[in-house]
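Worksheet for the structure shown next.
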Amino acid sequence: MAFAGVKEFLQPGSGREAVDLLAKLGDRAVVLGGGTFLHGLAARGVLGEVDTFIDLQKAGFSLVKSERSGLAIGATTTFTELAEAEPVRTSLELGAVRDALQYPPPQIRNMATVGGCVASATPLFDLPVAFMALDGSVKALGPRATRDIGLHKFYLDYFEHVLERTELLTEVLLPKLPSGSASAFLKLETNANDLALLNVAVRVTLDESGTCREVRVVVGGGVGKVPVRAVSCEDVLKGQRPTPALLQESGDVVSLDIHPVDDHRASAKYRTAVAKVYVRRALQRALTRLGASLDGHNGQES
Amino acid sequence: MKQIIHLDINGEAQDIAVEPYHTLLQVLRDELGLIGAKKGCDTGGCGCCTVLVNGKAVYSCMVFAMTAQGKTITTVEGLADGATLDPVQQAFIEAGAVQCGYCTCGMIMSAKAYLSSDGSHLPGDLEMRQAIAGNLCRCTGYQKIVDAIRLAASRRMETSAKG
Ligand SMILES: Cc1cc2nc3c(=O)[nH]c(=O)nc-3n(C[C@H](O)[C@H](O)[C@H](O)COP(=O)(O)OP(=O)(O)OC[C@H]3O[C@@H](n4cnc5c(N)ncnc54)[C@H](O)[C@@H]3O)c2cc1C
Ligand code: FES
Ligand code: FES
């Protein structure tokens, strides 16, 4: 029994209370979001000897708020709650989040929390890749202060992020993007319970003339210890009017930015081949959402 | 250290002593004798432990029992109304969607959660397969399970059209 040493189950009523408990208990305590990856972390020896669970479900972080600056997602919001939130269902710029939430099975969507997903620091998860393409950041509450950390600086290694043991991830913030922005996400998996062999999230901002003003391409799932921003792909498109040939070129250069692993699930060569195709397709999907004309067709939301 | 918690299971209030690390699955099977939910992988992924918490399908092997306090829990034992089976159970029998049966209770609970959501259309194959994507079956090849869900969905539509 993985957690037979756990003697206490605490449910703090606020983030402050949770942080005080973390400060008091140190490594003996582990924070609980939806609990769907604790077994996974314990099996990999990441958690150490834990004797207390600090469950966040009563700490008041289950909310999705549209603010002037963007979308604020509370840490204990489940995948299902996020998928049902109005802006996620409809907005073009949050298309990547909508896409990413479709992959896990219903049971995981109903249990897993946004905070737990980001804090697991696993490059194989989907939502963090989508959030990174949207320039997302996290809010961390510590014993003395609150800080905002861009997701591009959040991850250090497998299962390692920049949070202190005494800090709690309380919110993910997705900044409001300029009009003319859309995003998309794609994942290669063998079945619904599989983590990504490869996943790609992109966001594109077009100006009124259809020129690409801003683009992000992020690749995860076995292409590095943390999700990778593929700047080479972005550079191909920036300042250009997207054409099928440019999308192909953007996809092709992804191999300059990623260092795929070779493992029993897929060879590095295969991951690279798929990454090229998925970057192109994800860009296509985002541009289609914007109604951009590629190959002379008018796009439609998908 | 064991703590007494209050759970609402299949409409019945239960006071149970649990360890902080006990999962809902352990409590259902070992403390309450509700053995419909099965232990398969015990780490999330096979789905045979699926139950409903507040109407939503979850893996009970991943839910710590302490977190289920104050929520409504439904297991396969809570579906039938006396001797009358739930329409989803009935459809599984009629469609022959059961072979060894190990996955069946979990499948039925996933199907039940799915069919409780939107009754206004007859679901397509992909949608039904997505609803049971978190449940593995090693015997049936899934087709008869999908047939059973379609049968239950079509009956639900007939009932709502009449009502
Ligand atoms: C069967 C199965 C299928 C899956 N399929 C997919 C998939 O298709 N796509 C995908 O992306 N992922 C998938 N996953 C992984 C899933 O996304 C993660 O398990 C989930 O996001 C973890 O979130 P949680 O709330 O359950 O975290 P928990 O298990 O509660 O916690 C995970 C880690 O985060 C820490 N933590 C939690 N909340 C906080 C917080 N607020 N502040 C600081 N630390 C915190 C915990 O201490 C722990 O170390 C799957 C998992 C399973 C078991
Ligand atoms: S026993 Fe719970 S998912 Fe397998
Ligand atoms: S009937 Fe045997 S596992 Fe599904």
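Naming works like this for the structure tokens: A, B, ... for the chains as they're shown, residue 1 at the start of each chain, ligands 1 onward in shown order.
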All residues 7 Å or closer to Asn10 (chain B), only C-alpha atoms, same chain fewer than 6 positions away omitted, as JSON, numbers by chain: {"B": [73, 74, 75, 78]}
Go ahead and save the picked residues with all heavy atoms, as an mmCIF file, in the first residue's frame.
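After the write, selection.cif holds the following:
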data_model
loop_
_atom_site.group_PDB
_atom_site.id
_atom_site.type_symbol
_atom_site.label_atom_id
_atom_site.label_comp_id
_atom_site.auth_asym_id
_atom_site.auth_seq_id
_atom_site.Cartn_x
_atom_site.Cartn_y
_atom_site.Cartn_z
ATOM 1 N N ILE B 73 -22.640 9.229 -3.401
ATOM 2 C CA ILE B 73 -21.907 8.152 -4.080
ATOM 3 C C ILE B 73 -22.922 7.123 -4.608
ATOM 4 O O ILE B 73 -23.803 6.687 -3.866
ATOM 5 C CB ILE B 73 -20.934 7.480 -3.106
ATOM 6 C CG1 ILE B 73 -19.896 8.514 -2.639
ATOM 7 C CG2 ILE B 73 -20.236 6.278 -3.739
ATOM 8 C CD1 ILE B 73 -19.359 8.239 -1.273
ATOM 9 N N THR B 74 -22.775 6.768 -5.867
ATOM 10 C CA THR B 74 -23.641 5.732 -6.445
ATOM 11 C C THR B 74 -22.774 4.606 -6.978
ATOM 12 O O THR B 74 -21.844 4.848 -7.756
ATOM 13 C CB THR B 74 -24.494 6.300 -7.604
ATOM 14 O OG1 THR B 74 -25.093 7.516 -7.166
ATOM 15 C CG2 THR B 74 -25.575 5.311 -8.019
ATOM 16 N N THR B 75 -23.096 3.393 -6.556
ATOM 17 C CA THR B 75 -22.393 2.223 -7.086
ATOM 18 C C THR B 75 -23.406 1.411 -7.894
ATOM 19 O O THR B 75 -24.600 1.702 -7.870
ATOM 20 C CB THR B 75 -21.825 1.335 -5.961
ATOM 21 O OG1 THR B 75 -22.929 0.694 -5.309
ATOM 22 C CG2 THR B 75 -21.041 2.149 -4.946
ATOM 23 N N GLY B 78 -26.650 0.422 -6.456
ATOM 24 C CA GLY B 78 -27.681 1.422 -6.203
ATOM 25 C C GLY B 78 -28.514 1.757 -7.437
ATOM 26 O O GLY B 78 -29.350 2.659 -7.385
#
DSSP strand (DSSP E or B) residues within region 106-195 of chain A, as a VMD selection string: chain A and resid 113 137 to 141 146 to 150 155 to 157 160 to 161 168 to 175 181 to 188
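Using only C-alpha atoms, the part of chain B that sits within 8 Å of chain A is made up of Met1, Glu19, Pro20, Tyr21, Thr43, Gly44, Gly45, Thr50, Lys56, Ala57, Val58, Tyr59, Met62, Val63, Phe64, Met66, Thr67, Gln130, Ala131, Ile132, Ala133 and Gly134 of chain B.
All residues, whether protein, DNA or RNA, that have an atom at most 9 Å from ligand 3 (counting only C-alpha atoms and all ligand atoms) are Cys48, Ala97, Val98, Gln99, Cys100, Gly101, Tyr102, Cys103, Thr104, Met107, Asn135, Leu136, Cys137, Arg138, Cys139, Thr140, Gly141, Tyr142 and Ile145 of chain B.
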Next, dump the selected residues to file, keeping only all heavy atoms, as a CSV table (one decimal), in the first residue's frame.
chain,number,residue,atom,x,y,z
B,48,CYS,N,-12.5,-0.6,-13.9
B,48,CYS,CA,-13.5,-1.5,-13.4
B,48,CYS,C,-13.9,-1.1,-12.0
B,48,CYS,O,-14.8,-1.7,-11.4
B,48,CYS,CB,-13.0,-3.0,-13.5
B,48,CYS,SG,-11.6,-3.3,-12.5
B,97,ALA,N,-23.8,-7.8,-23.7
B,97,ALA,CA,-22.5,-7.0,-23.5
B,97,ALA,C,-21.6,-7.5,-22.4
B,97,ALA,O,-20.7,-6.8,-22.0
B,97,ALA,CB,-22.9,-5.6,-23.3
B,98,VAL,N,-21.9,-8.7,-21.9
B,98,VAL,CA,-21.1,-9.2,-20.8
B,98,VAL,C,-20.5,-10.6,-21.2
B,98,VAL,O,-21.2,-11.5,-21.7
B,98,VAL,CB,-22.0,-9.5,-19.6
B,98,VAL,CG1,-21.2,-9.9,-18.4
B,98,VAL,CG2,-22.8,-8.2,-19.2
B,99,GLN,N,-19.2,-10.7,-20.9
B,99,GLN,CA,-18.6,-12.1,-21.1
B,99,GLN,C,-18.1,-12.5,-19.7
B,99,GLN,O,-18.9,-13.0,-18.9
B,99,GLN,CB,-17.5,-12.1,-22.1
B,99,GLN,CG,-18.1,-12.1,-23.5
B,99,GLN,CD,-17.1,-12.3,-24.6
B,99,GLN,OE1,-16.1,-12.9,-24.5
B,99,GLN,NE2,-17.4,-11.7,-25.8
B,100,CYS,N,-16.8,-12.2,-19.3
B,100,CYS,CA,-16.4,-12.7,-18.0
B,100,CYS,C,-17.0,-11.8,-16.9
B,100,CYS,O,-17.2,-12.2,-15.8
B,100,CYS,CB,-14.9,-12.6,-17.9
B,100,CYS,SG,-14.2,-11.0,-17.5
B,101,GLY,N,-17.4,-10.5,-17.3
B,101,GLY,CA,-18.1,-9.7,-16.3
B,101,GLY,C,-17.2,-8.8,-15.5
B,101,GLY,O,-17.7,-8.0,-14.7
B,102,TYR,N,-15.9,-9.0,-15.5
B,102,TYR,CA,-15.1,-8.2,-14.6
B,102,TYR,C,-15.2,-6.7,-14.8
B,102,TYR,O,-15.1,-5.9,-13.9
B,102,TYR,CB,-13.6,-8.7,-14.7
B,102,TYR,CG,-12.9,-8.4,-13.4
B,102,TYR,CD1,-13.0,-9.3,-12.3
B,102,TYR,CD2,-12.1,-7.3,-13.2
B,102,TYR,CE1,-12.4,-9.0,-11.1
B,102,TYR,CE2,-11.4,-7.0,-12.0
B,102,TYR,CZ,-11.6,-7.9,-11.0
B,102,TYR,OH,-11.0,-7.7,-9.8
B,103,CYS,N,-15.3,-6.3,-16.1
B,103,CYS,CA,-15.3,-4.9,-16.4
B,103,CYS,C,-16.7,-4.3,-16.3
B,103,CYS,O,-16.9,-3.1,-16.4
B,103,CYS,CB,-14.8,-4.6,-17.8
B,103,CYS,SG,-16.0,-5.2,-19.1
B,104,THR,N,-17.7,-5.2,-16.2
B,104,THR,CA,-19.1,-4.8,-16.5
B,104,THR,C,-19.7,-3.7,-15.6
B,104,THR,O,-20.3,-2.8,-16.1
B,104,THR,CB,-20.0,-6.1,-16.5
B,104,THR,OG1,-19.5,-7.1,-17.3
B,104,THR,CG2,-21.4,-5.7,-17.0
B,107,MET,N,-18.2,-0.5,-16.6
B,107,MET,CA,-18.7,0.0,-17.9
B,107,MET,C,-20.1,0.5,-17.7
B,107,MET,O,-20.5,1.6,-18.2
B,107,MET,CB,-18.9,-1.2,-18.8
B,107,MET,CG,-17.6,-1.7,-19.4
B,107,MET,SD,-17.0,-0.5,-20.6
B,107,MET,CE,-15.5,-1.4,-21.2
B,135,ASN,N,-12.4,2.8,-19.7
B,135,ASN,CA,-12.8,1.5,-19.2
B,135,ASN,C,-12.2,0.4,-20.2
B,135,ASN,O,-12.5,0.5,-21.3
B,135,ASN,CB,-14.3,1.3,-19.1
B,135,ASN,CG,-14.9,2.2,-18.0
B,135,ASN,OD1,-15.0,3.4,-18.2
B,135,ASN,ND2,-15.3,1.6,-16.9
B,136,LEU,N,-11.5,-0.5,-19.6
B,136,LEU,CA,-10.9,-1.6,-20.5
B,136,LEU,C,-11.8,-2.8,-20.4
B,136,LEU,O,-12.3,-3.1,-19.3
B,136,LEU,CB,-9.5,-1.9,-20.1
B,136,LEU,CG,-8.5,-0.8,-20.2
B,136,LEU,CD1,-7.1,-1.4,-19.7
B,136,LEU,CD2,-8.3,-0.3,-21.6
B,137,CYS,N,-12.0,-3.5,-21.5
B,137,CYS,CA,-12.6,-4.8,-21.5
B,137,CYS,C,-11.7,-5.7,-22.3
B,137,CYS,O,-11.3,-5.4,-23.4
B,137,CYS,CB,-14.0,-4.7,-22.2
B,137,CYS,SG,-14.7,-6.4,-22.3
B,138,ARG,N,-11.4,-6.9,-21.7
B,138,ARG,CA,-10.4,-7.8,-22.3
B,138,ARG,C,-11.2,-8.9,-23.1
B,138,ARG,O,-10.6,-9.7,-23.7
B,138,ARG,CB,-9.5,-8.5,-21.3
B,138,ARG,CG,-8.6,-7.5,-20.5
B,138,ARG,CD,-7.5,-6.9,-21.4
B,138,ARG,NE,-8.0,-5.8,-22.2
B,138,ARG,CZ,-7.2,-5.1,-23.0
B,138,ARG,NH1,-6.0,-5.5,-23.3
B,138,ARG,NH2,-7.7,-4.1,-23.7
B,139,CYS,N,-12.5,-8.9,-23.0
B,139,CYS,CA,-13.3,-10.0,-23.6
B,139,CYS,C,-14.1,-9.6,-24.8
B,139,CYS,O,-14.0,-10.2,-25.9
B,139,CYS,CB,-14.2,-10.6,-22.6
B,139,CYS,SG,-13.5,-11.1,-21.1
B,140,THR,N,-14.9,-8.5,-24.7
B,140,THR,CA,-16.0,-8.4,-25.7
B,140,THR,C,-15.5,-7.7,-27.0
B,140,THR,O,-16.3,-7.8,-28.0
B,140,THR,CB,-17.1,-7.5,-25.1
B,140,THR,OG1,-16.5,-6.2,-24.9
B,140,THR,CG2,-17.6,-8.0,-23.8
B,141,GLY,N,-14.4,-7.0,-27.0
B,141,GLY,CA,-14.1,-6.3,-28.2
B,141,GLY,C,-14.9,-5.0,-28.3
B,141,GLY,O,-14.9,-4.3,-29.4
B,142,TYR,N,-15.6,-4.7,-27.3
B,142,TYR,CA,-16.4,-3.4,-27.1
B,142,TYR,C,-17.6,-3.3,-27.9
B,142,TYR,O,-18.5,-2.5,-27.6
B,142,TYR,CB,-15.5,-2.2,-27.4
B,142,TYR,CG,-14.3,-2.1,-26.4
B,142,TYR,CD1,-13.0,-2.6,-26.8
B,142,TYR,CD2,-14.4,-1.6,-25.1
B,142,TYR,CE1,-11.9,-2.5,-26.0
B,142,TYR,CE2,-13.3,-1.6,-24.3
B,142,TYR,CZ,-12.1,-2.1,-24.7
B,142,TYR,OH,-11.0,-2.0,-23.9
B,145,ILE,N,-20.8,-3.8,-26.1
B,145,ILE,CA,-21.0,-2.8,-25.1
B,145,ILE,C,-21.6,-1.5,-25.7
B,145,ILE,O,-22.5,-0.9,-25.2
B,145,ILE,CB,-19.7,-2.5,-24.3
B,145,ILE,CG1,-19.3,-3.8,-23.5
B,145,ILE,CG2,-19.8,-1.3,-23.4
B,145,ILE,CD1,-17.9,-3.7,-22.9
Tell me, which residues of region 10-160 of chain B carry DSSP helix (DSSP H, G or I), written as a JSON list (two decimals) with C-alpha atoms, in the first residue's frame?
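See result.json below for the written result:
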[["chain", "number", "residue", "atom", "x", "y", "z"],
["B", 24, "LEU", "CA", -13.20, 4.80, -1.68],
["B", 25, "LEU", "CA", -12.80, 1.42, -3.42],
["B", 26, "GLN", "CA", -11.36, -0.15, -0.27],
["B", 27, "VAL", "CA", -14.19, 1.24, 1.84],
["B", 28, "LEU", "CA", -16.87, 0.08, -0.58],
["B", 29, "ARG", "CA", -15.51, -3.43, -0.94],
["B", 30, "ASP", "CA", -13.85, -4.20, 2.39],
["B", 31, "GLU", "CA", -15.95, -2.20, 4.85],
["B", 65, "ALA", "CA", -12.43, 8.11, 1.08],
["B", 66, "MET", "CA", -11.93, 11.22, 3.21],
["B", 67, "THR", "CA", -12.58, 13.41, 0.17],
["B", 68, "ALA", "CA", -15.93, 11.76, -0.51],
["B", 76, "VAL", "CA", -23.84, -0.41, -9.39],
["B", 77, "GLU", "CA", -25.73, -1.83, -6.39],
["B", 78, "GLY", "CA", -27.68, 1.42, -6.20],
["B", 87, "PRO", "CA", -32.41, 0.60, -18.16],
["B", 88, "VAL", "CA", -28.63, 0.56, -18.65],
["B", 89, "GLN", "CA", -28.29, -2.77, -16.81],
["B", 90, "GLN", "CA", -31.21, -4.18, -18.78],
["B", 91, "ALA", "CA", -29.66, -3.05, -22.07],
["B", 92, "PHE", "CA", -26.33, -4.72, -21.19],
["B", 93, "ILE", "CA", -28.16, -8.02, -20.65],
["B", 94, "GLU", "CA", -30.22, -7.78, -23.82],
["B", 104, "THR", "CA", -19.12, -4.82, -16.53],
["B", 105, "CYS", "CA", -20.03, -2.87, -13.38],
["B", 106, "GLY", "CA", -17.50, -0.17, -14.27],
["B", 107, "MET", "CA", -18.75, -0.04, -17.85],
["B", 108, "ILE", "CA", -22.34, 0.28, -16.66],
["B", 109, "MET", "CA", -21.42, 3.15, -14.33],
["B", 110, "SER", "CA", -19.56, 5.00, -17.10],
["B", 111, "ALA", "CA", -22.50, 4.45, -19.44],
["B", 112, "LYS", "CA", -24.91, 5.58, -16.73],
["B", 113, "ALA", "CA", -22.98, 8.83, -16.15],
["B", 114, "TYR", "CA", -22.87, 9.47, -19.86],
["B", 115, "LEU", "CA", -26.55, 8.75, -20.45],
["B", 116, "SER", "CA", -27.56, 10.96, -17.53],
["B", 117, "SER", "CA", -26.15, 14.03, -19.20],
["B", 125, "ASP", "CA", -20.43, 5.56, -32.13],
["B", 126, "LEU", "CA", -17.46, 7.83, -31.46],
["B", 127, "GLU", "CA", -19.26, 9.66, -28.69],
["B", 128, "MET", "CA", -20.24, 6.40, -27.00],
["B", 129, "ARG", "CA", -16.73, 5.04, -27.33],
["B", 130, "GLN", "CA", -15.36, 8.23, -25.79],
["B", 131, "ALA", "CA", -17.75, 7.80, -22.86],
["B", 143, "GLN", "CA", -18.88, -3.68, -29.93],
["B", 144, "LYS", "CA", -21.63, -5.25, -27.85],
["B", 145, "ILE", "CA", -21.01, -2.76, -25.06],
["B", 146, "VAL", "CA", -21.50, 0.06, -27.56],
["B", 147, "ASP", "CA", -24.63, -1.73, -28.81],
["B", 148, "ALA", "CA", -25.93, -1.84, -25.23],
["B", 149, "ILE", "CA", -25.34, 1.88, -24.71],
["B", 150, "ARG", "CA", -27.08, 2.64, -28.00],
["B", 151, "LEU", "CA", -30.04, 0.49, -26.95],
["B", 152, "ALA", "CA", -30.30, 2.27, -23.59],
["B", 153, "ALA", "CA", -29.98, 5.64, -25.34],
["B", 154, "SER", "CA", -32.72, 4.87, -27.83],
["B", 155, "ARG", "CA", -35.08, 3.73, -25.07],
["B", 156, "ARG", "CA", -34.30, 6.86, -23.13],
["B", 157, "MET", "CA", -35.26, 8.92, -26.17],
["B", 158, "GLU", "CA", -38.54, 7.01, -26.58],
["B", 159, "THR", "CA", -39.36, 7.54, -22.91],
["B", 160, "SER", "CA", -38.59, 11.24, -23.02]]
Of the listed residues A:Lys187, A:Arg98, A:Arg213, A:Arg285, that which approaches ligand 1 most closely, counting only C-alpha atoms and all ligand atoms: A:Lys187
Residue nearest ligand 1 - candidates B:Leu34, B:Ile4, B:Asp42, B:Gln14, atoms counted: only C-alpha atoms and all ligand atoms: B:Asp42
Quick one: residues within 7 Å of Ala182 (chain A), only C-alpha atoms, excluding same-chain residues fewer than 3 positions away - as a compact mmCIF listing (two decimals) with N, CA, C and O atoms, in the first residue's frame?
# COMPACT_ATOMS: atom_id res chain seq x y z
N LEU A 92 -11.80 31.41 -29.54
CA LEU A 92 -10.81 30.91 -30.50
C LEU A 92 -9.44 30.82 -29.86
O LEU A 92 -8.67 29.88 -30.09
N GLU A 93 -9.13 31.82 -29.02
CA GLU A 93 -7.77 31.84 -28.46
C GLU A 93 -7.56 30.70 -27.46
O GLU A 93 -6.43 30.28 -27.24
N LEU A 94 -8.65 30.18 -26.89
CA LEU A 94 -8.49 29.07 -25.93
C LEU A 94 -8.72 27.70 -26.59
O LEU A 94 -8.87 26.70 -25.91
N GLY A 95 -8.72 27.70 -27.91
CA GLY A 95 -8.94 26.44 -28.64
C GLY A 95 -7.98 25.34 -28.20
O GLY A 95 -8.37 24.17 -28.08
N ARG A 203 -0.23 28.83 -31.03
CA ARG A 203 -1.18 29.94 -31.11
C ARG A 203 -0.65 30.90 -32.15
O ARG A 203 0.57 31.08 -32.29
N VAL A 204 -1.60 31.47 -32.87
CA VAL A 204 -1.26 32.37 -33.96
C VAL A 204 -2.05 33.65 -33.79
O VAL A 204 -3.22 33.61 -33.40
N THR A 205 -1.41 34.79 -34.04
CA THR A 205 -2.13 36.06 -34.08
C THR A 205 -1.92 36.68 -35.46
O THR A 205 -0.78 36.91 -35.86
N ALA A 286 -5.34 26.02 -36.06
CA ALA A 286 -5.50 27.36 -35.46
C ALA A 286 -5.90 28.37 -36.52
O ALA A 286 -6.79 29.20 -36.32
N ARG A 289 -9.45 28.07 -37.50
CA ARG A 289 -10.33 28.70 -36.50
C ARG A 289 -10.46 30.20 -36.77
O ARG A 289 -11.48 30.80 -36.50
N LEU A 290 -9.40 30.79 -37.28
CA LEU A 290 -9.44 32.23 -37.56
C LEU A 290 -10.12 32.51 -38.90
O LEU A 290 -10.24 33.66 -39.30
Among listed residues B:Ala161, B:Cys41, B:Ser120, B:Asp81, nearest ligand 2 (using only C-alpha atoms and all ligand atoms): B:Cys41
Region 280-283 of chain A environment, 12 Å, only C-alpha atoms, sequence neighbours closer than 5 positions dropped, as number ranges by chain: A: 95-96, 99-100, 130, 133, 181-187, 199-205, 212, 215-219, 233-234, 236-237, 242-254, 273-275, 288-290, 292, 294, 302
